[in-house]
Each structure stands twice: as structure tokens, then as C-alpha cells.
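File shown here: model.txt, holding compact mmCIF, N, CA and C atoms.
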```txt
# COMPACT_ATOMS: atom_id res chain seq x y z
N MET A 1 0.83 -1.16 0.00
CA MET A 1 0.00 0.00 0.00
C MET A 1 0.88 1.23 0.00
N LEU A 2 0.66 2.09 -0.95
CA LEU A 2 1.41 3.34 -1.05
C LEU A 2 0.41 4.49 -1.23
N LEU A 3 0.75 5.62 -0.66
CA LEU A 3 -0.04 6.82 -0.92
C LEU A 3 0.30 7.30 -2.32
N ARG A 4 -0.73 7.57 -3.14
CA ARG A 4 -0.45 8.13 -4.47
C ARG A 4 0.16 9.51 -4.29
N PRO A 5 1.25 9.80 -4.98
CA PRO A 5 1.83 11.15 -4.90
C PRO A 5 0.83 12.21 -5.37
N ARG A 6 0.07 11.89 -6.40
CA ARG A 6 -1.00 12.77 -6.89
C ARG A 6 -2.29 12.31 -6.23
N GLN A 7 -3.04 13.24 -5.67
CA GLN A 7 -4.27 12.93 -4.95
C GLN A 7 -5.48 13.49 -5.69
N PRO A 8 -6.02 12.75 -6.68
CA PRO A 8 -7.23 13.24 -7.35
C PRO A 8 -8.42 13.22 -6.41
N THR A 9 -8.40 12.31 -5.43
CA THR A 9 -9.39 12.28 -4.35
C THR A 9 -8.64 12.01 -3.06
N LEU A 10 -9.23 12.42 -1.96
CA LEU A 10 -8.61 12.27 -0.65
C LEU A 10 -8.37 10.80 -0.33
N GLY A 11 -7.13 10.46 -0.01
CA GLY A 11 -6.80 9.09 0.38
C GLY A 11 -6.51 8.17 -0.79
N ALA A 12 -6.22 8.71 -1.97
CA ALA A 12 -5.91 7.87 -3.13
C ALA A 12 -4.63 7.08 -2.86
N LEU A 13 -4.68 5.79 -3.16
CA LEU A 13 -3.58 4.87 -2.86
C LEU A 13 -3.18 4.08 -4.10
N VAL A 14 -2.08 3.35 -3.95
CA VAL A 14 -1.68 2.36 -4.94
C VAL A 14 -1.48 1.05 -4.19
N LEU A 15 -2.17 0.03 -4.62
CA LEU A 15 -2.06 -1.31 -4.05
C LEU A 15 -1.16 -2.11 -4.97
N VAL A 16 0.04 -2.46 -4.51
CA VAL A 16 1.05 -3.10 -5.35
C VAL A 16 1.19 -4.56 -4.96
N CYS A 17 1.18 -5.42 -5.94
CA CYS A 17 1.42 -6.85 -5.72
C CYS A 17 2.87 -7.04 -5.29
N GLU A 18 3.08 -7.82 -4.23
CA GLU A 18 4.44 -8.05 -3.73
C GLU A 18 5.20 -9.08 -4.57
N GLU A 19 4.49 -9.82 -5.40
CA GLU A 19 5.13 -10.82 -6.24
C GLU A 19 5.76 -10.14 -7.46
N PRO A 20 6.86 -10.66 -7.94
CA PRO A 20 7.53 -10.05 -9.10
C PRO A 20 6.88 -10.48 -10.42
N VAL A 21 5.63 -10.05 -10.62
CA VAL A 21 4.90 -10.43 -11.83
C VAL A 21 4.49 -9.16 -12.59
N ARG A 22 4.35 -9.32 -13.89
CA ARG A 22 3.99 -8.18 -14.74
C ARG A 22 2.63 -8.36 -15.41
N ALA A 23 1.98 -9.50 -15.14
CA ALA A 23 0.65 -9.76 -15.69
C ALA A 23 -0.26 -10.24 -14.56
N PHE A 24 -1.48 -9.74 -14.51
CA PHE A 24 -2.41 -10.09 -13.45
C PHE A 24 -2.64 -11.60 -13.41
N GLY A 25 -2.68 -12.23 -14.57
CA GLY A 25 -2.89 -13.67 -14.64
C GLY A 25 -1.74 -14.49 -14.07
N ASP A 26 -0.60 -13.85 -13.84
CA ASP A 26 0.56 -14.56 -13.27
C ASP A 26 0.62 -14.49 -11.75
N VAL A 27 -0.31 -13.79 -11.13
CA VAL A 27 -0.35 -13.73 -9.67
C VAL A 27 -0.72 -15.12 -9.14
N SER A 28 -0.05 -15.55 -8.10
CA SER A 28 -0.29 -16.87 -7.52
C SER A 28 -1.62 -16.91 -6.77
N ALA A 29 -2.07 -18.11 -6.44
CA ALA A 29 -3.29 -18.27 -5.64
C ALA A 29 -3.13 -17.57 -4.29
N ALA A 30 -1.96 -17.68 -3.70
CA ALA A 30 -1.71 -17.00 -2.43
C ALA A 30 -1.77 -15.48 -2.60
N GLY A 31 -1.28 -14.99 -3.74
CA GLY A 31 -1.35 -13.56 -4.02
C GLY A 31 -2.77 -13.07 -4.15
N TYR A 32 -3.63 -13.87 -4.81
CA TYR A 32 -5.04 -13.50 -4.93
C TYR A 32 -5.73 -13.51 -3.56
N ALA A 33 -5.38 -14.48 -2.73
CA ALA A 33 -5.94 -14.54 -1.37
C ALA A 33 -5.52 -13.31 -0.58
N ASP A 34 -4.25 -12.91 -0.73
CA ASP A 34 -3.76 -11.72 -0.04
C ASP A 34 -4.47 -10.47 -0.57
N LEU A 35 -4.74 -10.42 -1.87
CA LEU A 35 -5.47 -9.30 -2.45
C LEU A 35 -6.85 -9.17 -1.81
N ALA A 36 -7.54 -10.29 -1.61
CA ALA A 36 -8.87 -10.25 -0.98
C ALA A 36 -8.78 -9.71 0.45
N ARG A 37 -7.82 -10.20 1.21
CA ARG A 37 -7.66 -9.73 2.60
C ARG A 37 -7.29 -8.24 2.62
N THR A 38 -6.38 -7.86 1.75
CA THR A 38 -5.91 -6.47 1.74
C THR A 38 -7.01 -5.51 1.32
N THR A 39 -7.80 -5.86 0.31
CA THR A 39 -8.87 -4.95 -0.12
C THR A 39 -9.91 -4.77 0.98
N ARG A 40 -10.21 -5.83 1.74
CA ARG A 40 -11.14 -5.67 2.87
C ARG A 40 -10.58 -4.67 3.88
N ARG A 41 -9.29 -4.78 4.17
CA ARG A 41 -8.66 -3.88 5.14
C ARG A 41 -8.58 -2.45 4.59
N VAL A 42 -8.28 -2.32 3.31
CA VAL A 42 -8.21 -0.99 2.69
C VAL A 42 -9.57 -0.30 2.75
N GLU A 43 -10.61 -1.02 2.41
CA GLU A 43 -11.95 -0.43 2.42
C GLU A 43 -12.36 -0.04 3.84
N ALA A 44 -12.02 -0.88 4.83
CA ALA A 44 -12.32 -0.54 6.22
C ALA A 44 -11.52 0.70 6.65
N MET A 45 -10.25 0.74 6.27
CA MET A 45 -9.39 1.87 6.63
C MET A 45 -9.91 3.17 6.04
N LEU A 46 -10.16 3.18 4.72
CA LEU A 46 -10.63 4.40 4.07
C LEU A 46 -12.02 4.81 4.55
N GLY A 47 -12.86 3.81 4.84
CA GLY A 47 -14.18 4.11 5.38
C GLY A 47 -14.09 4.77 6.75
N ALA A 48 -13.23 4.22 7.61
CA ALA A 48 -13.05 4.79 8.95
C ALA A 48 -12.41 6.17 8.89
N ALA A 49 -11.45 6.34 8.00
CA ALA A 49 -10.71 7.60 7.93
C ALA A 49 -11.52 8.72 7.28
N PHE A 50 -12.26 8.40 6.20
CA PHE A 50 -12.87 9.48 5.40
C PHE A 50 -14.30 9.23 4.95
N ALA A 51 -14.90 8.10 5.33
CA ALA A 51 -16.30 7.81 4.98
C ALA A 51 -16.57 8.02 3.49
N TYR A 52 -15.82 7.31 2.66
CA TYR A 52 -16.02 7.44 1.21
C TYR A 52 -17.42 6.96 0.83
N ASP A 53 -17.90 7.42 -0.33
CA ASP A 53 -19.22 7.01 -0.83
C ASP A 53 -19.13 5.81 -1.76
N LYS A 54 -18.10 5.74 -2.53
CA LYS A 54 -17.82 4.63 -3.45
C LYS A 54 -16.32 4.45 -3.47
N ILE A 55 -15.88 3.35 -4.07
CA ILE A 55 -14.45 3.15 -4.22
C ILE A 55 -14.20 2.58 -5.61
N ASN A 56 -13.17 3.07 -6.27
CA ASN A 56 -12.79 2.57 -7.60
C ASN A 56 -11.40 1.96 -7.53
N TYR A 57 -11.25 0.82 -8.16
CA TYR A 57 -9.95 0.17 -8.32
C TYR A 57 -9.63 0.20 -9.81
N LEU A 58 -8.54 0.82 -10.18
CA LEU A 58 -8.15 0.91 -11.58
C LEU A 58 -6.82 0.20 -11.78
N MET A 59 -6.78 -0.78 -12.67
CA MET A 59 -5.54 -1.45 -13.01
C MET A 59 -5.13 -0.93 -14.38
N LEU A 60 -4.21 0.01 -14.37
CA LEU A 60 -3.83 0.66 -15.63
C LEU A 60 -2.48 0.15 -16.14
N MET A 61 -1.48 0.07 -15.29
CA MET A 61 -0.17 -0.46 -15.61
C MET A 61 0.41 0.09 -16.92
N MET A 62 0.28 1.39 -17.11
CA MET A 62 0.79 2.01 -18.32
C MET A 62 2.24 2.45 -18.17
N VAL A 63 2.61 2.96 -17.01
CA VAL A 63 3.97 3.45 -16.78
C VAL A 63 4.76 2.41 -16.00
N ASP A 64 4.21 1.99 -14.88
CA ASP A 64 4.85 0.97 -14.05
C ASP A 64 4.27 -0.38 -14.44
N PRO A 65 5.08 -1.29 -14.97
CA PRO A 65 4.55 -2.55 -15.48
C PRO A 65 4.21 -3.57 -14.39
N ASP A 66 4.65 -3.35 -13.14
CA ASP A 66 4.34 -4.30 -12.08
C ASP A 66 2.85 -4.27 -11.78
N VAL A 67 2.30 -5.43 -11.40
CA VAL A 67 0.87 -5.53 -11.13
C VAL A 67 0.52 -4.61 -9.96
N HIS A 68 -0.42 -3.71 -10.20
CA HIS A 68 -0.87 -2.78 -9.16
C HIS A 68 -2.23 -2.21 -9.53
N PHE A 69 -2.92 -1.74 -8.51
CA PHE A 69 -4.20 -1.07 -8.67
C PHE A 69 -4.10 0.35 -8.11
N HIS A 70 -4.73 1.29 -8.78
CA HIS A 70 -4.93 2.61 -8.21
C HIS A 70 -6.24 2.52 -7.43
N VAL A 71 -6.21 2.86 -6.16
CA VAL A 71 -7.37 2.79 -5.29
C VAL A 71 -7.85 4.21 -5.05
N LEU A 72 -9.05 4.49 -5.53
CA LEU A 72 -9.58 5.86 -5.47
C LEU A 72 -10.88 5.89 -4.70
N PRO A 73 -10.82 6.37 -3.46
CA PRO A 73 -12.08 6.59 -2.75
C PRO A 73 -12.82 7.74 -3.44
N ARG A 74 -14.14 7.61 -3.52
CA ARG A 74 -14.94 8.60 -4.24
C ARG A 74 -15.91 9.27 -3.28
N TYR A 75 -16.17 10.55 -3.52
CA TYR A 75 -16.95 11.37 -2.60
C TYR A 75 -17.98 12.20 -3.34
N ALA A 76 -19.22 12.13 -2.87
CA ALA A 76 -20.28 12.95 -3.43
C ALA A 76 -20.17 14.39 -2.92
N GLN A 77 -19.61 14.56 -1.74
CA GLN A 77 -19.47 15.88 -1.12
C GLN A 77 -18.01 16.15 -0.78
N VAL A 78 -17.68 17.40 -0.61
CA VAL A 78 -16.32 17.82 -0.25
C VAL A 78 -15.95 17.21 1.10
N ARG A 79 -14.70 16.78 1.21
CA ARG A 79 -14.14 16.32 2.49
C ARG A 79 -13.07 17.32 2.91
N HIS A 80 -13.01 17.58 4.19
CA HIS A 80 -12.01 18.50 4.75
C HIS A 80 -11.01 17.69 5.56
N PHE A 81 -9.74 17.97 5.33
CA PHE A 81 -8.69 17.26 6.05
C PHE A 81 -7.46 18.15 6.14
N ALA A 82 -6.91 18.27 7.33
CA ALA A 82 -5.65 19.00 7.57
C ALA A 82 -5.68 20.42 6.95
N GLY A 83 -6.82 21.08 7.09
CA GLY A 83 -6.93 22.45 6.60
C GLY A 83 -7.15 22.58 5.10
N HIS A 84 -7.40 21.48 4.42
CA HIS A 84 -7.62 21.50 2.97
C HIS A 84 -9.02 20.98 2.65
N ALA A 85 -9.61 21.50 1.61
CA ALA A 85 -10.89 20.99 1.10
C ALA A 85 -10.58 20.10 -0.11
N PHE A 86 -11.07 18.88 -0.05
CA PHE A 86 -10.85 17.90 -1.12
C PHE A 86 -12.18 17.62 -1.80
N SER A 87 -12.31 18.01 -3.06
CA SER A 87 -13.51 17.66 -3.81
C SER A 87 -13.17 16.58 -4.82
N ASP A 88 -14.18 15.81 -5.14
CA ASP A 88 -14.07 14.78 -6.18
C ASP A 88 -14.70 15.40 -7.42
N LEU A 89 -13.89 16.11 -8.20
CA LEU A 89 -14.41 16.92 -9.30
C LEU A 89 -15.15 16.12 -10.36
N ALA A 90 -14.85 14.85 -10.50
CA ALA A 90 -15.47 14.05 -11.54
C ALA A 90 -16.73 13.31 -11.06
N TRP A 91 -17.02 13.36 -9.77
CA TRP A 91 -18.17 12.63 -9.24
C TRP A 91 -19.43 12.99 -10.00
N PRO A 92 -20.26 12.05 -10.39
CA PRO A 92 -20.24 10.61 -10.18
C PRO A 92 -19.67 9.83 -11.36
N ASN A 93 -18.95 10.50 -12.22
CA ASN A 93 -18.38 9.85 -13.40
C ASN A 93 -17.02 9.22 -13.09
N ALA A 94 -16.35 8.73 -14.11
CA ALA A 94 -15.03 8.12 -13.93
C ALA A 94 -14.09 9.15 -13.29
N PRO A 95 -13.18 8.69 -12.44
CA PRO A 95 -12.29 9.64 -11.76
C PRO A 95 -11.37 10.35 -12.75
N ASP A 96 -11.01 11.58 -12.40
CA ASP A 96 -10.10 12.38 -13.21
C ASP A 96 -8.69 12.24 -12.64
N LEU A 97 -7.91 11.31 -13.20
CA LEU A 97 -6.56 11.07 -12.69
C LEU A 97 -5.60 12.19 -13.03
N GLY A 98 -5.98 13.07 -13.92
CA GLY A 98 -5.14 14.21 -14.26
C GLY A 98 -5.21 15.33 -13.24
N PHE A 99 -6.24 15.28 -12.39
CA PHE A 99 -6.38 16.31 -11.36
C PHE A 99 -5.59 15.93 -10.13
N ASP A 100 -5.02 16.91 -9.46
CA ASP A 100 -4.22 16.67 -8.26
C ASP A 100 -4.52 17.75 -7.24
N HIS A 101 -4.97 17.33 -6.05
CA HIS A 101 -5.05 18.25 -4.91
C HIS A 101 -3.62 18.38 -4.41
N ALA A 102 -2.90 19.28 -4.97
CA ALA A 102 -1.47 19.41 -4.68
C ALA A 102 -1.26 19.68 -3.19
N ILE A 103 -0.84 18.65 -2.47
CA ILE A 103 -0.62 18.80 -1.03
C ILE A 103 0.88 18.80 -0.76
N ASP A 104 1.26 19.52 0.27
CA ASP A 104 2.68 19.60 0.62
C ASP A 104 3.11 18.38 1.42
N ALA A 105 4.40 18.30 1.70
CA ALA A 105 4.97 17.14 2.39
C ALA A 105 4.37 16.97 3.79
N ALA A 106 4.12 18.07 4.47
CA ALA A 106 3.56 17.99 5.82
C ALA A 106 2.14 17.40 5.78
N THR A 107 1.35 17.82 4.81
CA THR A 107 -0.02 17.29 4.67
C THR A 107 0.03 15.83 4.28
N GLN A 108 0.97 15.47 3.41
CA GLN A 108 1.15 14.06 3.04
C GLN A 108 1.46 13.22 4.27
N ALA A 109 2.35 13.69 5.11
CA ALA A 109 2.72 12.96 6.33
C ALA A 109 1.53 12.82 7.26
N THR A 110 0.72 13.87 7.39
CA THR A 110 -0.47 13.83 8.23
C THR A 110 -1.48 12.84 7.67
N LEU A 111 -1.61 12.82 6.36
CA LEU A 111 -2.52 11.88 5.69
C LEU A 111 -2.06 10.44 5.92
N ILE A 112 -0.79 10.18 5.76
CA ILE A 112 -0.26 8.84 6.00
C ILE A 112 -0.50 8.42 7.45
N ALA A 113 -0.28 9.34 8.38
CA ALA A 113 -0.50 9.02 9.80
C ALA A 113 -1.96 8.69 10.06
N ARG A 114 -2.89 9.44 9.44
CA ARG A 114 -4.32 9.17 9.62
C ARG A 114 -4.69 7.80 9.07
N LEU A 115 -4.15 7.45 7.93
CA LEU A 115 -4.44 6.15 7.34
C LEU A 115 -3.85 5.02 8.20
N LYS A 116 -2.68 5.20 8.72
CA LYS A 116 -2.08 4.19 9.60
C LYS A 116 -2.92 3.99 10.85
N GLU A 117 -3.46 5.08 11.40
CA GLU A 117 -4.35 4.98 12.56
C GLU A 117 -5.57 4.12 12.26
N ALA A 118 -6.10 4.24 11.07
CA ALA A 118 -7.33 3.55 10.69
C ALA A 118 -7.09 2.13 10.17
N TRP A 119 -5.84 1.74 9.94
CA TRP A 119 -5.51 0.41 9.41
C TRP A 119 -5.82 -0.64 10.46
N GLN A 120 -6.60 -1.64 10.10
CA GLN A 120 -6.96 -2.70 11.05
C GLN A 120 -6.52 -4.05 10.57
```

Could you render the structure from this file as C-alpha cells?
Amino acid sequence: MLLRPRQPTLGALVLVCEEPVRAFGDVSAAGYADLARTTRRVEAMLGAAFAYDKINYLMLMMVDPDVHFHVLPRYAQVRHFAGHAFSDLAWPNAPDLGFDHAIDAATQATLIARLKEAWQ
């Protein structure tokens, strides 16, 4: 689990497969089982931290060829965090990955700390 450097929505993450595979079909049975456990925990974490309305998982693998998903919590209303207002400008349509709530390093650290608190 990594925090996306660009935050099109509050709490956007990247879920990276720990196995050295470049195709989703090459993930082992154990890797798929871990994916199921991890997505349950991610959804609980993001729900506890920010009460998302929907969640999108995007497997794009255009730049980084390793198996990974972009995890985008989606919000019908603005969320406020660490003195910033985060809107989901594309709601209810497909997320706009080109948009970035440009947050500074201190806000990133606060966001990571909040997510760690909510991780179960």
C-alpha cells in the first residue's frame, strides 16, 4: 500500500502486488488470497478515515509494469482534512486522474498518519 503522490481524491492509494509479476494472470493463488484480505482492510481503513461514498480500483499499468491497482475513494461531497478541502471533481463519473489536490509534504505525512491509525 502506497499513498499516491498525486491525490485526485482524498486518500488515493496504490495497491502493489508483492510478487515479481507483470501480468495479473501470473499472480499466484496465495497472491489472490492476499489481495482479498488487503482490499477488505483498505476499504475498512478508508471508510473509517474518510467515509467514502464509493471506491474505484483501476488497473492501468501504463507506466509501471508491475501488477498494481490505483485505489480511489470517491466522494459525493467535499471532504475536509488538515486544513484542505478535497472535492471529487469528476463525481459521479469516472475519476479524473489528471487532477491533483497538490498537497505539501507535511499534509502528506499527516494523511499517512491518519491512514495508519485507521488500518486494522

| From the list A:Val67, A:His80, A:Leu3, A:His101, which residue is nearest A:Glu18 when using only N, CA and C atoms? | A:Val67

| Residues within 9 Å of (-17.8, 5.4, -5.5), file coords, only C-alpha atoms, listed as a list in words | Tyr52, Asp53, Lys54, Ile55, Asn56, Leu72, Pro73, Arg74, Tyr75, Ala76, Trp91 and Pro92 of chain A

| helix (DSSP H, G or I) positions in stretch 1-112 of chain A, given as a PyMOL selection string | chain A and resi 24-26+29-50+105-112

| Selection as a PyMOL selection string: residues within 6.5 Å of (-9.6, 12.1, -1.9), counting only N, CA and C atoms | chain A and resi 7-12+73+86-87

| task | For A:Met45, list every protein, DNA or RNA residue within 6 Å, evaluated using all atoms listed in the file, and leave out those in the same chain fewer than 6 positions away; present the list as number ranges by chain. | result | A: 118-120

Per-axis box centre and lengths in Å around stretch 14-32 of chain A, 4 Å margin per side, axis-aligned, as JSON:
```
{"center_x": 0.9, "center_y": -7.5, "center_z": -9.1, "size_x": 21.3, "size_y": 29.6, "size_z": 21.3}
```

Might you pull out every residue within 8 Å of A:Gly31, with all atoms listed in the file counted and same-chain residues fewer than 5 positions away left off, and present them as a PDB file with N, CA and C atoms, in the coordinates of the input?
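The resulting file, around_30.pdb, is reproduced below:
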```pdb
ATOM      1  N   CYS A  17       1.180  -5.420  -5.940  1.00  0.00           N
ATOM      2  CA  CYS A  17       1.420  -6.850  -5.720  1.00  0.00           C
ATOM      3  C   CYS A  17       2.870  -7.040  -5.290  1.00  0.00           C
ATOM      4  N   GLU A  18       3.080  -7.820  -4.230  1.00  0.00           N
ATOM      5  CA  GLU A  18       4.440  -8.050  -3.730  1.00  0.00           C
ATOM      6  C   GLU A  18       5.200  -9.080  -4.570  1.00  0.00           C
ATOM      7  N   GLU A  19       4.490  -9.820  -5.400  1.00  0.00           N
ATOM      8  CA  GLU A  19       5.130 -10.820  -6.240  1.00  0.00           C
ATOM      9  C   GLU A  19       5.760 -10.140  -7.460  1.00  0.00           C
ATOM     10  N   ALA A  36      -7.540 -10.290  -1.610  1.00  0.00           N
ATOM     11  CA  ALA A  36      -8.870 -10.250  -0.980  1.00  0.00           C
ATOM     12  C   ALA A  36      -8.780  -9.710   0.450  1.00  0.00           C
ATOM     13  N   ARG A  37      -7.820 -10.200   1.210  1.00  0.00           N
ATOM     14  CA  ARG A  37      -7.660  -9.730   2.600  1.00  0.00           C
ATOM     15  C   ARG A  37      -7.290  -8.240   2.620  1.00  0.00           C
TER      16      ARG A  37
END
```
